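Worksheet: the structure to be examined is printed underneath.
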Amino acid sequence: MTTAMMAEPRGGFHELALSPPLMEALERAGYREPTPIQAAFIPEALTGRDVIGQAQTGTGKTAAFLLPFLNQWRDENRPGPQALILAPTRELVVQVAEEAAKLSPHSRCRAVPIYGGQRFRQQLTQLQRGCNIAVGSPGRVLDHLSRGTLSLQNVRYVVLDEADRMLDIGFRPDIEKILRRCPQPRQTLLLSATLPPPVLRLAQRYMVEPLNINLSPAKVTVENIRQTYFTVDEDRKFDLLLKVFERDEPRQCIIFCERKRWVEDVYRMLRKHRQRVAAMHGDLPQSLRNRIMQGFRDGKIVYLVATDVVGRGIDVKNISHVINYDIPIDPENYVHRIGRTGRIGADGIAIAFITPEQGDQLTAIEHYINKQIECEEISGFQTYRTRVRPDGDTPRASQPVFGRSIKRYSKRV
Ligand code: ADP
Ligand code: MG
């Protein structure tokens with residue numbers, strides 16, 4: 001990754017004047033240069049002010065918000081966390097806590113992940129053993145607060161990761177309750193790939209004169225991802241999937257389906273043809289989800305069939321392919337999904353399977369990313385009903401198509 005910082009004398013993280021133990025931790029982690037968002041965000045956050053940071057997925061926002069806290073951490077044995085980091089999914093909570101452990105300047109500086117699905121007692125023990133950074137999902141943090149097992153009275157540093165999601169209507173009431181329990185004065189930081197203007201205005205209610213650092217390009221998808229689609233009939237998707245694997249032999253691949261049941265179906269079929277396959281969706285027990293994510297991160301799992309539970313923020317470096325086996329109804333999810341590949345520096349391939357009647361959905365995605373997605377073909381998989389574009393005059397499929405009607409199901413991943 002090239003950054004403007006490289007040209008400067010000494011360069012790298014030295015410019016940020018971080019503490020020696022933290023510099024050592026960065027060296028152990030193999031972080032040599034700050035990413036652009038880190039170079040822009042960290043110096044501002046180090047002054048103690050409130051900062052909003054927007055940058056694409058995979059650009060190192062986690063370290064951007066962790067390092068300023070870790071830099072000021074002192075071994076003072078204060079009870080209860082001094083930093084509270086809120087993230088929307090269990091997987092992200094675990095990932096942020098792991099990054100905190102990796103960058104920790106001292107073994108006594110501890111981050112504890114707090115999320116639903118894990119045994120309460122176990123979390124309690126961890127919290128009691130000492131916790132400097134509480135990393136939690138809003139629901140579970142509220143749980144602990146109402147049971148009196150977590151106190152925020154020493155919190156001076158609050159982060160909302162994936163802030164666009166945290167401030168949307170699903171989470172906002174919880175977030176507001178939690179923030180009311182965090183004492184003033186405090187430093188509040190928000191990180192996100194994008195923050196639409198209304199959310200940005202809302203965010204300012206929780207912050208004091210925040211500085212807004214926006215490195216997200218207007219175009220929402222990451223440049224180094226090659227995006228293509230196949231037109232394919234619903235009942236031939238699986239055969240096409242096998243063909244694509246034969247052709248590309250992915251290093252690591254996520255196959256996204258819209259529903260949990262479909263994840264299970266594809267998983268069961270794929271297991272008969274390929275090794276190192278796993279399935280991931282919101283109905284699996286949390287301990288299993290953790291193990292699967294770990295296996296995927298370690299490269300033991302090559303093919304992960306999943307719902308959008310892994311669509312956001314999850315970082316696995318080696319992913320070469322993202323297959324939208326079912327394209328998402330919400331174009332924004334498309335961007336989150338394909339952002340799983342092409343992480344820092346690496347190239348990625350995103351392939352979407354489009355049934356002939358999903359032309360409109362594909363067009364909506366193309367409008368959203370402001371780019372045409374390239375059509376591909378593999379011999380034997382041409383469908384004879386061509387894509388329907390609202391702006392073209394291609395006739396709609398005349399015969400009923402075998403398959404699943406997306407709108408019949410309510411979305412639960
Ligand atoms: P984001 O939150 O912006 O999507 P992450 O914080 O998940 O991105 O970081 C993406 C990946 O980049 C992680 O694997 C992280 O360890 C790595 N990373 C972060 N900062 C650096 C850096 N300065 N140098 C090298 N790798 C980095
Ligand atoms: Mg992130």
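Identifiers in this document derive from the order of the structure tokens: chains are assigned A, B, ..., residues are numbered from 1 separately in each chain, and ligands are numbered from 1 in order of occurrence.
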
*Selection within 10 Å of ligand 1 by only C-alpha atoms and all ligand atoms, output as a PyMOL selection string*: chain A and resi 1+12-13+26-27+29-39+53-66+92+95-96+98-99+102-103+161-162+191-193+297+312-318+336+339-340+343-345

Which stretch 88-184 of chain A residues have any atom within 12 Å of an atom of stretch 196-213 of chain A, and for each, what is the nearest pair of atoms with distance in Å to one decimal, counting only C-alpha atoms, rows sorted by chain and number, as JSON lines?
{"residue": "A:Tyr157", "atom": "CA", "partner": "A:Met207", "partner_atom": "CA", "distance": 11.7}
{"residue": "A:Val158", "atom": "CA", "partner": "A:Met207", "partner_atom": "CA", "distance": 10.2}
{"residue": "A:Val159", "atom": "CA", "partner": "A:Met207", "partner_atom": "CA", "distance": 10.9}
{"residue": "A:Leu160", "atom": "CA", "partner": "A:Ala203", "partner_atom": "CA", "distance": 10.0}
{"residue": "A:Glu162", "atom": "CA", "partner": "A:Val199", "partner_atom": "CA", "distance": 11.9}
{"residue": "A:Ala163", "atom": "CA", "partner": "A:Ala203", "partner_atom": "CA", "distance": 8.5}
{"residue": "A:Asp164", "atom": "CA", "partner": "A:Val199", "partner_atom": "CA", "distance": 6.8}
{"residue": "A:Arg165", "atom": "CA", "partner": "A:Val199", "partner_atom": "CA", "distance": 9.6}
{"residue": "A:Met166", "atom": "CA", "partner": "A:Val199", "partner_atom": "CA", "distance": 10.0}
{"residue": "A:Leu167", "atom": "CA", "partner": "A:Val199", "partner_atom": "CA", "distance": 7.0}
{"residue": "A:Asp168", "atom": "CA", "partner": "A:Val199", "partner_atom": "CA", "distance": 7.8}
{"residue": "A:Ile169", "atom": "CA", "partner": "A:Val199", "partner_atom": "CA", "distance": 10.4}
{"residue": "A:Arg172", "atom": "CA", "partner": "A:Leu202", "partner_atom": "CA", "distance": 10.2}
{"residue": "A:Ile175", "atom": "CA", "partner": "A:Tyr206", "partner_atom": "CA", "distance": 9.9}
{"residue": "A:Glu176", "atom": "CA", "partner": "A:Tyr206", "partner_atom": "CA", "distance": 8.5}
{"residue": "A:Lys177", "atom": "CA", "partner": "A:Tyr206", "partner_atom": "CA", "distance": 11.5}
{"residue": "A:Ile178", "atom": "CA", "partner": "A:Tyr206", "partner_atom": "CA", "distance": 11.2}
{"residue": "A:Leu179", "atom": "CA", "partner": "A:Tyr206", "partner_atom": "CA", "distance": 7.9}
{"residue": "A:Arg180", "atom": "CA", "partner": "A:Tyr206", "partner_atom": "CA", "distance": 9.5}
{"residue": "A:Cys182", "atom": "CA", "partner": "A:Tyr206", "partner_atom": "CA", "distance": 11.0}
{"residue": "A:Gln184", "atom": "CA", "partner": "A:Val208", "partner_atom": "CA", "distance": 10.7}

*For A:Val135, which residue among A:Gln82, A:Asn154, A:Gln122, A:Asn333 is the nearest when counting only C-alpha atoms?*
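Among the listed residues, A:Gln82 lies closest to A:Val135.
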
*Nearest to A:Lys260, chosen from A:His367, A:Arg291, A:His281, A:Arg140, with only C-alpha atoms counted in the distances*: A:His281

*stretch 255-360 of chain A: which residues are alpha helix (DSSP H) by DSSP, as number ranges by chain?*
A: 260-271, 286-297, 331-338, 359-360

*Just give me the gap between atom CA of A:Ile255 and atom CA of A:Leu195 in Å, one decimal is fine.*
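A separation of 27.1 Å between them.
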
*Using only C-alpha atoms and all ligand atoms, which of A:Leu18, A:Ala87, A:Leu145, A:Leu284 sits nearest ligand 2?*
A:Ala87

*asked:* Just want the 9 Å neighbourhood of A:Gln72, counted on only C-alpha atoms, with same-chain residues fewer than 3 positions away dropped. Output as a ChimeraX atom specification.
replied: /A:19,46,67-69

_Separation of atom CA of A:Arg289 from atom CA of A:Thr228 in Å_ = 29.4 Å

Can you pull out every residue within 8 Å of stretch 104-114 of chain A, counting only C-alpha atoms, but drop anything in the same chain fewer than 6 positions away, and send it as a PDB file with C-alpha atoms, in the first residue's frame?
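Contents of the output file result.pdb:
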ATOM      1  CA  PRO A  21       5.733   0.265  23.552  1.00  0.00           C
ATOM      2  CA  LEU A  22       3.057   0.983  20.972  1.00  0.00           C
ATOM      3  CA  GLU A  24       6.961  -2.077  19.256  1.00  0.00           C
ATOM      4  CA  ALA A  25       3.476  -3.551  19.082  1.00  0.00           C
ATOM      5  CA  LEU A  70      -3.670   2.532  23.327  1.00  0.00           C
ATOM      6  CA  ASN A  71      -1.190   5.373  23.113  1.00  0.00           C
ATOM      7  CA  TRP A  73      -3.169   3.939  28.201  1.00  0.00           C
ATOM      8  CA  ASP A  75      -1.043   0.940  33.872  1.00  0.00           C
ATOM      9  CA  VAL A  93     -16.801  -7.433  18.116  1.00  0.00           C
ATOM     10  CA  VAL A  94     -14.485 -10.428  18.194  1.00  0.00           C
ATOM     11  CA  ALA A  97     -11.007  -7.231  20.310  1.00  0.00           C
ATOM     12  CA  GLN A 123     -17.949 -12.777  30.001  1.00  0.00           C
ATOM     13  CA  GLN A 126     -13.365 -11.967  31.868  1.00  0.00           C
ATOM     14  CA  LEU A 127     -14.639  -8.544  32.851  1.00  0.00           C
ATOM     15  CA  GLY A 130      -9.707  -6.666  34.354  1.00  0.00           C
ATOM     16  CA  CYS A 131     -10.908  -4.822  31.325  1.00  0.00           C
ATOM     17  CA  ASN A 132      -9.517  -1.627  29.841  1.00  0.00           C
ATOM     18  CA  ILE A 133     -11.355  -1.764  26.557  1.00  0.00           C
ATOM     19  CA  ALA A 134     -14.875  -3.134  26.420  1.00  0.00           C
ATOM     20  CA  VAL A 135     -15.753  -4.118  22.859  1.00  0.00           C
ATOM     21  CA  GLY A 136     -19.409  -4.943  22.595  1.00  0.00           C
ATOM     22  CA  SER A 137     -22.556  -5.280  20.613  1.00  0.00           C
ATOM     23  CA  ARG A 140     -25.238  -7.317  25.208  1.00  0.00           C
ATOM     24  CA  VAL A 141     -23.685  -4.168  26.615  1.00  0.00           C
TER      25      VAL A 141
END

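Of the listed residues A:Pro138, A:Arg156, A:Ala17, A:Gly117, the one whose atoms come nearest to A:Gly48 is A:Arg156, with distances taken using only C-alpha atoms.
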
*Give me every strand (DSSP E or B) residue in stretch 160-365 of chain A, going by DSSP on the backbone, as a PyMOL selection string.*
chain A and resi 160+187-192+211-214+225-231+253-256+277-280+303-306+321-324+348-354

*Long-range neighbours of A:Thr307 as a VMD selection string, 6 Å cut-off, only C-alpha atoms, 2 positions minimum in chain*: chain A and resid 256 to 258 281 309 413

Please dump the current selection as a CSV table (one decimal), in the first residue's frame; keep N, CA and C atoms.
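Output (part.csv):
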chain,number,residue,atom,x,y,z
A,256,PHE,N,-22.3,-16.0,-1.2
A,256,PHE,CA,-23.4,-15.3,-0.4
A,256,PHE,C,-24.8,-15.8,-1.0
A,257,CYS,N,-25.7,-16.2,0.0
A,257,CYS,CA,-27.0,-16.5,-0.3
A,257,CYS,C,-27.9,-15.6,0.5
A,258,GLU,N,-29.2,-15.4,0.0
A,258,GLU,CA,-30.0,-14.4,0.7
A,258,GLU,C,-30.7,-15.0,1.9
A,281,HIS,N,-24.5,-18.8,9.2
A,281,HIS,CA,-25.6,-17.9,9.2
A,281,HIS,C,-26.1,-17.7,10.6
A,309,VAL,N,-24.6,-12.1,7.4
A,309,VAL,CA,-23.9,-12.0,8.7
A,309,VAL,C,-22.4,-11.8,8.5
A,413,VAL,N,-31.1,-12.8,8.6
A,413,VAL,CA,-29.9,-13.5,8.3
A,413,VAL,C,-29.3,-13.9,9.7

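In this structure, atom CA of A:Met269 sits 18.4 Å away from atom CA of A:Ile292.
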